[in-house]
$ cat structure.cif   # mmCIF, N, CA and C atoms
data_data
loop_
_atom_site.label_atom_id
_atom_site.label_comp_id
_atom_site.auth_asym_id
_atom_site.auth_seq_id
_atom_site.Cartn_x
_atom_site.Cartn_y
_atom_site.Cartn_z
N MET U 9 -34.14 0.83 22.09
CA MET U 9 -33.14 -0.15 21.71
C MET U 9 -32.85 -0.07 20.21
N GLN U 10 -33.92 -0.06 19.38
CA GLN U 10 -33.72 0.00 17.93
C GLN U 10 -33.06 1.30 17.52
N ALA U 11 -33.41 2.39 18.19
CA ALA U 11 -32.80 3.69 17.87
C ALA U 11 -31.30 3.65 18.18
N GLY U 12 -30.96 3.02 19.28
CA GLY U 12 -29.54 2.90 19.65
C GLY U 12 -28.76 2.09 18.63
N LEU U 13 -29.34 0.99 18.16
CA LEU U 13 -28.68 0.17 17.14
C LEU U 13 -28.56 0.94 15.83
N GLY U 14 -29.57 1.72 15.50
CA GLY U 14 -29.52 2.52 14.28
C GLY U 14 -28.40 3.54 14.32
N ILE U 15 -28.23 4.19 15.47
CA ILE U 15 -27.15 5.17 15.62
C ILE U 15 -25.80 4.49 15.50
N VAL U 16 -25.64 3.34 16.15
CA VAL U 16 -24.37 2.60 16.05
C VAL U 16 -24.09 2.22 14.60
N ALA U 17 -25.10 1.77 13.88
CA ALA U 17 -24.91 1.38 12.48
C ALA U 17 -24.48 2.57 11.63
N VAL U 18 -25.07 3.73 11.87
CA VAL U 18 -24.70 4.93 11.11
C VAL U 18 -23.26 5.34 11.43
N VAL U 19 -22.90 5.30 12.70
CA VAL U 19 -21.54 5.65 13.10
C VAL U 19 -20.53 4.69 12.49
N LEU U 20 -20.80 3.40 12.57
CA LEU U 20 -19.89 2.40 12.03
C LEU U 20 -19.76 2.54 10.52
N SER U 21 -20.86 2.73 9.83
CA SER U 21 -20.78 2.86 8.37
C SER U 21 -20.06 4.14 8.00
N GLY U 22 -20.24 5.19 8.77
CA GLY U 22 -19.52 6.44 8.50
C GLY U 22 -18.02 6.26 8.64
N CYS U 23 -17.59 5.49 9.64
CA CYS U 23 -16.16 5.24 9.83
C CYS U 23 -15.58 4.48 8.64
N CYS U 24 -16.29 3.44 8.23
CA CYS U 24 -15.78 2.59 7.15
C CYS U 24 -15.77 3.33 5.82
N ILE U 25 -16.79 4.11 5.54
CA ILE U 25 -16.82 4.87 4.30
C ILE U 25 -15.67 5.86 4.29
N SER U 26 -15.44 6.49 5.42
CA SER U 26 -14.35 7.46 5.53
C SER U 26 -13.01 6.79 5.25
N LEU U 27 -12.77 5.63 5.83
CA LEU U 27 -11.52 4.90 5.57
C LEU U 27 -11.44 4.48 4.11
N GLY U 28 -12.56 4.03 3.56
CA GLY U 28 -12.59 3.63 2.15
C GLY U 28 -12.24 4.80 1.23
N GLU U 29 -12.77 5.96 1.55
CA GLU U 29 -12.46 7.15 0.75
C GLU U 29 -10.99 7.53 0.88
N LYS U 30 -10.46 7.42 2.09
CA LYS U 30 -9.04 7.72 2.30
C LYS U 30 -8.16 6.79 1.47
N VAL U 31 -8.50 5.51 1.48
CA VAL U 31 -7.74 4.53 0.70
C VAL U 31 -7.80 4.87 -0.78
N ALA U 32 -8.99 5.11 -1.29
CA ALA U 32 -9.15 5.43 -2.72
C ALA U 32 -8.36 6.69 -3.09
N ASN U 33 -8.42 7.70 -2.24
CA ASN U 33 -7.69 8.94 -2.51
C ASN U 33 -6.18 8.72 -2.49
N ARG U 34 -5.71 7.95 -1.53
CA ARG U 34 -4.26 7.69 -1.46
C ARG U 34 -3.77 6.88 -2.64
N ILE U 35 -4.55 5.89 -3.04
CA ILE U 35 -4.14 5.08 -4.20
C ILE U 35 -4.08 5.96 -5.44
N GLN U 36 -5.05 6.83 -5.61
CA GLN U 36 -5.00 7.76 -6.74
C GLN U 36 -3.77 8.66 -6.66
N GLN U 37 -3.44 9.10 -5.45
CA GLN U 37 -2.25 9.93 -5.25
C GLN U 37 -0.99 9.16 -5.64
N TYR U 38 -0.89 7.90 -5.20
CA TYR U 38 0.29 7.10 -5.54
C TYR U 38 0.38 6.87 -7.05
N GLN U 39 -0.75 6.65 -7.68
CA GLN U 39 -0.73 6.45 -9.13
C GLN U 39 -0.23 7.69 -9.86
N ARG U 40 -0.58 8.87 -9.35
CA ARG U 40 -0.11 10.12 -9.96
C ARG U 40 1.36 10.38 -9.65
N GLU U 41 1.76 10.17 -8.40
CA GLU U 41 3.07 10.59 -7.93
C GLU U 41 4.16 9.53 -8.09
N LEU U 42 3.79 8.30 -8.40
CA LEU U 42 4.76 7.23 -8.63
C LEU U 42 4.51 6.63 -10.01
N PRO U 43 4.80 7.38 -11.05
CA PRO U 43 4.50 6.90 -12.40
C PRO U 43 5.44 5.78 -12.85
N VAL U 44 4.93 4.90 -13.68
CA VAL U 44 5.77 3.89 -14.30
C VAL U 44 6.87 4.64 -15.07
N GLY U 45 8.10 4.17 -14.93
CA GLY U 45 9.23 4.83 -15.57
C GLY U 45 10.04 5.70 -14.63
N ALA U 46 9.52 5.96 -13.41
CA ALA U 46 10.26 6.77 -12.44
C ALA U 46 11.53 6.04 -12.01
N ALA U 47 12.55 6.80 -11.69
CA ALA U 47 13.84 6.24 -11.28
C ALA U 47 13.76 5.68 -9.86
N TYR U 48 14.52 4.61 -9.62
CA TYR U 48 14.57 3.96 -8.31
C TYR U 48 14.88 4.97 -7.20
N SER U 49 15.90 5.82 -7.41
CA SER U 49 16.30 6.78 -6.38
C SER U 49 15.17 7.76 -6.05
N GLU U 50 14.40 8.17 -7.06
CA GLU U 50 13.28 9.09 -6.84
C GLU U 50 12.16 8.41 -6.04
N VAL U 51 11.88 7.19 -6.39
CA VAL U 51 10.81 6.45 -5.71
C VAL U 51 11.20 6.18 -4.26
N LYS U 52 12.43 5.77 -4.04
CA LYS U 52 12.89 5.52 -2.67
C LYS U 52 12.85 6.80 -1.85
N ALA U 53 13.26 7.91 -2.42
CA ALA U 53 13.22 9.20 -1.73
C ALA U 53 11.77 9.59 -1.40
N TYR U 54 10.84 9.31 -2.30
CA TYR U 54 9.43 9.59 -2.09
C TYR U 54 8.91 8.80 -0.88
N VAL U 55 9.20 7.52 -0.85
CA VAL U 55 8.74 6.65 0.24
C VAL U 55 9.31 7.15 1.57
N GLU U 56 10.59 7.49 1.57
CA GLU U 56 11.22 7.98 2.80
C GLU U 56 10.64 9.33 3.23
N LYS U 57 10.42 10.23 2.28
CA LYS U 57 9.86 11.56 2.56
C LYS U 57 8.50 11.45 3.22
N HIS U 58 7.70 10.46 2.79
CA HIS U 58 6.36 10.29 3.33
C HIS U 58 6.34 9.43 4.60
N GLY U 59 7.51 9.04 5.08
CA GLY U 59 7.60 8.32 6.35
C GLY U 59 6.97 6.94 6.35
N LEU U 60 6.93 6.29 5.19
CA LEU U 60 6.33 4.96 5.11
C LEU U 60 7.36 3.90 5.50
N PRO U 61 7.00 2.99 6.39
CA PRO U 61 7.91 1.87 6.65
C PRO U 61 8.07 1.06 5.36
N TYR U 62 9.31 0.69 5.05
CA TYR U 62 9.53 -0.01 3.78
C TYR U 62 10.73 -0.94 3.87
N SER U 63 10.81 -1.81 2.88
CA SER U 63 12.01 -2.61 2.67
C SER U 63 12.40 -2.45 1.20
N ALA U 64 13.68 -2.34 0.98
CA ALA U 64 14.21 -2.22 -0.38
C ALA U 64 15.09 -3.44 -0.62
N ASP U 65 14.75 -4.23 -1.61
CA ASP U 65 15.46 -5.47 -1.89
C ASP U 65 16.21 -5.38 -3.21
N SER U 66 17.35 -6.04 -3.24
CA SER U 66 18.12 -6.14 -4.48
C SER U 66 17.33 -6.98 -5.49
N ALA U 67 17.79 -6.98 -6.72
CA ALA U 67 17.13 -7.77 -7.76
C ALA U 67 17.11 -9.26 -7.38
N GLU U 68 18.21 -9.74 -6.83
CA GLU U 68 18.29 -11.16 -6.45
C GLU U 68 17.32 -11.49 -5.33
N ARG U 69 17.29 -10.63 -4.32
CA ARG U 69 16.41 -10.86 -3.18
C ARG U 69 14.93 -10.73 -3.60
N CYS U 70 14.67 -9.80 -4.48
CA CYS U 70 13.31 -9.61 -5.00
C CYS U 70 12.84 -10.89 -5.72
N GLU U 71 13.73 -11.46 -6.49
CA GLU U 71 13.43 -12.71 -7.21
C GLU U 71 13.18 -13.86 -6.23
N GLU U 72 14.02 -13.98 -5.20
CA GLU U 72 13.86 -15.04 -4.21
C GLU U 72 12.53 -14.91 -3.46
N ASN U 73 12.24 -13.71 -3.03
CA ASN U 73 11.02 -13.48 -2.24
C ASN U 73 9.74 -13.69 -3.05
N ALA U 74 9.81 -13.48 -4.34
CA ALA U 74 8.63 -13.65 -5.20
C ALA U 74 8.11 -15.08 -5.15
N LYS U 75 9.01 -16.03 -4.93
CA LYS U 75 8.63 -17.44 -4.91
C LYS U 75 7.86 -17.83 -3.66
N MET U 76 7.96 -17.02 -2.60
CA MET U 76 7.32 -17.40 -1.34
C MET U 76 6.38 -16.34 -0.79
N THR U 77 5.97 -15.41 -1.62
CA THR U 77 5.09 -14.33 -1.18
C THR U 77 3.68 -14.54 -1.71
N SER U 78 2.71 -14.19 -0.87
CA SER U 78 1.32 -14.28 -1.28
C SER U 78 0.62 -12.97 -0.92
N PRO U 79 -0.09 -12.36 -1.83
CA PRO U 79 -0.24 -12.76 -3.22
C PRO U 79 1.09 -12.61 -3.97
N SER U 80 1.28 -13.45 -4.95
CA SER U 80 2.55 -13.50 -5.66
C SER U 80 2.73 -12.28 -6.56
N TYR U 81 3.95 -12.10 -7.01
CA TYR U 81 4.27 -11.02 -7.95
C TYR U 81 5.35 -11.49 -8.92
N GLN U 82 5.45 -10.83 -10.05
CA GLN U 82 6.45 -11.14 -11.07
C GLN U 82 7.57 -10.11 -11.00
N PRO U 83 8.76 -10.50 -10.56
CA PRO U 83 9.88 -9.55 -10.57
C PRO U 83 10.14 -9.05 -11.99
N ARG U 84 10.68 -7.88 -12.11
CA ARG U 84 10.91 -7.26 -13.41
C ARG U 84 12.40 -7.16 -13.76
N GLY U 85 13.24 -7.86 -12.98
CA GLY U 85 14.66 -7.89 -13.30
C GLY U 85 15.52 -6.93 -12.50
N GLY U 86 14.88 -6.07 -11.73
CA GLY U 86 15.62 -5.10 -10.93
C GLY U 86 15.21 -5.18 -9.47
N PRO U 87 15.59 -4.18 -8.69
CA PRO U 87 15.23 -4.17 -7.27
C PRO U 87 13.73 -3.97 -7.08
N CYS U 88 13.29 -4.07 -5.85
CA CYS U 88 11.90 -3.81 -5.53
C CYS U 88 11.81 -3.12 -4.18
N ILE U 89 10.77 -2.36 -4.02
CA ILE U 89 10.48 -1.67 -2.76
C ILE U 89 9.08 -2.08 -2.34
N PHE U 90 8.96 -2.48 -1.09
CA PHE U 90 7.66 -2.78 -0.50
C PHE U 90 7.46 -1.81 0.65
N ALA U 91 6.34 -1.11 0.66
CA ALA U 91 6.06 -0.13 1.71
C ALA U 91 4.65 -0.34 2.24
N LEU U 92 4.42 0.22 3.41
CA LEU U 92 3.11 0.10 4.04
C LEU U 92 2.64 1.47 4.48
N ASP U 93 1.47 1.84 4.02
CA ASP U 93 0.84 3.10 4.41
C ASP U 93 -0.32 2.77 5.34
N ARG U 94 -0.15 3.05 6.61
CA ARG U 94 -1.22 2.80 7.58
C ARG U 94 -2.23 3.93 7.48
N VAL U 95 -3.35 3.65 6.83
CA VAL U 95 -4.33 4.68 6.51
C VAL U 95 -5.10 5.12 7.75
N GLY U 96 -5.53 4.18 8.55
CA GLY U 96 -6.28 4.55 9.74
C GLY U 96 -6.92 3.36 10.40
N SER U 97 -7.62 3.66 11.50
CA SER U 97 -8.30 2.60 12.23
C SER U 97 -9.56 3.16 12.86
N THR U 98 -10.41 2.25 13.26
CA THR U 98 -11.66 2.63 13.93
C THR U 98 -11.51 2.39 15.42
N TRP U 99 -12.40 2.92 16.18
CA TRP U 99 -12.36 2.75 17.63
C TRP U 99 -12.59 1.30 18.06
N TYR U 100 -13.19 0.50 17.17
CA TYR U 100 -13.49 -0.88 17.53
C TYR U 100 -12.45 -1.87 16.98
N GLY U 101 -11.29 -1.38 16.55
CA GLY U 101 -10.18 -2.28 16.24
C GLY U 101 -9.99 -2.67 14.79
N PHE U 102 -10.67 -2.01 13.87
CA PHE U 102 -10.54 -2.32 12.44
C PHE U 102 -9.46 -1.41 11.86
N ASP U 103 -8.36 -1.98 11.39
CA ASP U 103 -7.25 -1.22 10.81
C ASP U 103 -7.21 -1.39 9.30
N THR U 104 -6.88 -0.31 8.62
CA THR U 104 -6.78 -0.33 7.16
C THR U 104 -5.43 0.24 6.75
N ALA U 105 -4.79 -0.43 5.79
CA ALA U 105 -3.50 0.03 5.28
C ALA U 105 -3.44 -0.25 3.78
N ILE U 106 -2.43 0.31 3.15
CA ILE U 106 -2.17 0.06 1.74
C ILE U 106 -0.75 -0.49 1.63
N GLN U 107 -0.62 -1.64 0.99
CA GLN U 107 0.70 -2.19 0.70
C GLN U 107 1.11 -1.70 -0.69
N LEU U 108 2.27 -1.09 -0.78
CA LEU U 108 2.81 -0.64 -2.05
C LEU U 108 3.86 -1.65 -2.50
N ARG U 109 3.68 -2.20 -3.67
CA ARG U 109 4.68 -3.08 -4.29
C ARG U 109 5.22 -2.36 -5.52
N LEU U 110 6.48 -1.99 -5.46
CA LEU U 110 7.10 -1.20 -6.51
C LEU U 110 8.24 -2.00 -7.10
N LEU U 111 8.06 -2.45 -8.34
CA LEU U 111 9.00 -3.36 -8.98
C LEU U 111 9.73 -2.63 -10.10
N PHE U 112 11.05 -2.75 -10.10
CA PHE U 112 11.89 -2.03 -11.05
C PHE U 112 12.52 -2.98 -12.06
N ASP U 113 12.84 -2.44 -13.22
CA ASP U 113 13.51 -3.25 -14.23
C ASP U 113 15.03 -3.16 -14.04
N LYS U 114 15.78 -3.80 -14.94
CA LYS U 114 17.24 -3.84 -14.81
C LYS U 114 17.90 -2.47 -14.89
N THR U 115 17.21 -1.52 -15.52
CA THR U 115 17.78 -0.16 -15.65
C THR U 115 17.48 0.70 -14.44
N GLY U 116 16.67 0.21 -13.50
CA GLY U 116 16.32 0.98 -12.31
C GLY U 116 15.09 1.86 -12.50
N SER U 117 14.31 1.58 -13.52
CA SER U 117 13.07 2.33 -13.76
C SER U 117 11.89 1.54 -13.21
N LEU U 118 10.94 2.25 -12.64
CA LEU U 118 9.74 1.61 -12.11
C LEU U 118 8.99 0.94 -13.26
N ALA U 119 8.90 -0.38 -13.20
CA ALA U 119 8.29 -1.14 -14.29
C ALA U 119 6.86 -1.58 -13.95
N HIS U 120 6.57 -1.75 -12.67
CA HIS U 120 5.24 -2.22 -12.27
C HIS U 120 4.98 -1.77 -10.83
N ARG U 121 3.73 -1.46 -10.56
CA ARG U 121 3.35 -1.05 -9.20
C ARG U 121 1.99 -1.65 -8.87
N ASP U 122 1.88 -2.11 -7.65
CA ASP U 122 0.62 -2.63 -7.13
C ASP U 122 0.32 -1.93 -5.82
N PHE U 123 -0.94 -1.63 -5.61
CA PHE U 123 -1.38 -1.03 -4.36
C PHE U 123 -2.51 -1.90 -3.82
N HIS U 124 -2.21 -2.66 -2.76
CA HIS U 124 -3.19 -3.59 -2.18
C HIS U 124 -3.73 -3.03 -0.89
N GLN U 125 -5.04 -3.00 -0.78
CA GLN U 125 -5.68 -2.60 0.46
C GLN U 125 -5.63 -3.78 1.43
N ILE U 126 -5.26 -3.50 2.66
CA ILE U 126 -5.12 -4.54 3.68
C ILE U 126 -5.99 -4.16 4.89
N HIS U 127 -6.74 -5.14 5.39
CA HIS U 127 -7.58 -4.92 6.57
C HIS U 127 -7.17 -5.89 7.67
N THR U 128 -7.10 -5.41 8.87
CA THR U 128 -6.89 -6.28 10.03
C THR U 128 -7.89 -5.89 11.10
N PHE U 129 -8.22 -6.84 11.91
CA PHE U 129 -9.17 -6.59 12.99
C PHE U 129 -8.56 -7.10 14.29
N LEU U 130 -8.40 -6.17 15.20
CA LEU U 130 -7.80 -6.45 16.51
C LEU U 130 -6.51 -7.15 16.29
#
$ encode --input "structure.cif" --output "structure tokens"
Amino acid sequence: MQAGLGIVAVVLSGCCISLGEKVANRIQQYQRELPVGAAYSEVKAYVEKHGLPYSADSAERCEENAKMTSPSYQPRGGPCIFALDRVGSTWYGFDTAIQLRLLFDKTGSLAHRDFHQIHTFL
């Protein structure tokens, strides 16, 4: 019985570490490939190329949504892109994703970016 529990614990921890490493690697990739100052059109093309589900909001809509979103964010005067990278899941129903918050200034340059790890279970 104890041996069986030990094997399950090793398997479960291996799954979670693997997902954690994937998340860390992807966030590092996004930090390299989506630099502050990048043009809106380039960032949008990047998100589309990588097949990430996303929403692109105008400056006005970005400002409106900031008031009712949690965790909150500070609009930068331009449009914003929100995307979701579904990193992976475990056989027991634990899903991990990364939310990308890409905020642009009035000139259309990427002014701020946040990458939030999101976990859901079943």
$ residues_around --input "structure.cif" --residues "region 79-87 of chain U" --least-positions-apart "3" --cutoff "6.5 Å" --atoms "all atoms listed in the file" --output "ChimeraX atom specification"
/U:65-68,70-71,74,110-116
$ closest_residue --input "structure.cif" --among "U:Tyr48, U:Phe90, U:Tyr38, U:Trp99" --to "Leu60 (chain U)" --atoms "all atoms listed in the file"
U:Phe90
$ select_by_dssp --input "structure.cif" --residues "chain U" --states "strand (DSSP E)" --output "PyMOL selection string"
chain U and resi 62-65+85-97+102-113+118-129
$ resolve_selection --input "structure.cif" --expression "the PyMOL selection byres (((chain U and resi 102 and name CA) around 12) and name CA)" --output "list in words"
Leu20, Cys23, Cys24, Leu27, Arg94, Val95, Gly96, Ser97, Thr98, Trp99, Tyr100, Gly101, Asp103, Thr104, Ala105, Ile126, His127, Thr128, Phe129 and Leu130 of chain U
$ atom_distance --input "structure.cif" --atom1 "atom C of Gln37 (chain U)" --atom2 "atom C of Lys75 (chain U)"
28.5 Å
$ residues_around --input "structure.cif" --residues "Ala47 (chain U)" --least-positions-apart "5" --cutoff "6.5 Å" --atoms "only N, CA and C atoms" --output "CSV table (one decimal) with N, CA and C atoms, in the coordinates of the input"
chain,number,residue,atom,x,y,z
U,52,LYS,N,12.4,5.8,-4.0
U,52,LYS,CA,12.9,5.5,-2.7
U,52,LYS,C,12.8,6.8,-1.8
U,116,GLY,N,16.7,0.2,-13.5
U,116,GLY,CA,16.3,1.0,-12.3
U,116,GLY,C,15.1,1.9,-12.5
U,117,SER,N,14.3,1.6,-13.5
U,117,SER,CA,13.1,2.3,-13.8
U,117,SER,C,11.9,1.5,-13.2
U,118,LEU,N,10.9,2.2,-12.6
U,118,LEU,CA,9.7,1.6,-12.1
U,118,LEU,C,9.0,0.9,-13.3
$ atom_distance --input "structure.cif" --atom1 "atom C of Tyr62 (chain U)" --atom2 "atom C of Gly28 (chain U)"
23.8 Å
$ closest_residue --input "structure.cif" --among "U:Val51, U:Ala32, U:Val44, U:Met76" --to "Arg121 (chain U)" --atoms "all atoms listed in the file"
U:Val44
$ closest_residue --input "structure.cif" --among "U:Ala119, U:Val55, U:Asn33, U:Glu72" --to "Leu92 (chain U)" --atoms "only C-alpha atoms"
U:Val55
$ atom_distance --input "structure.cif" --atom1 "atom N of Ser63 (chain U)" --atom2 "atom N of Gln39 (chain U)"
17.8 Å
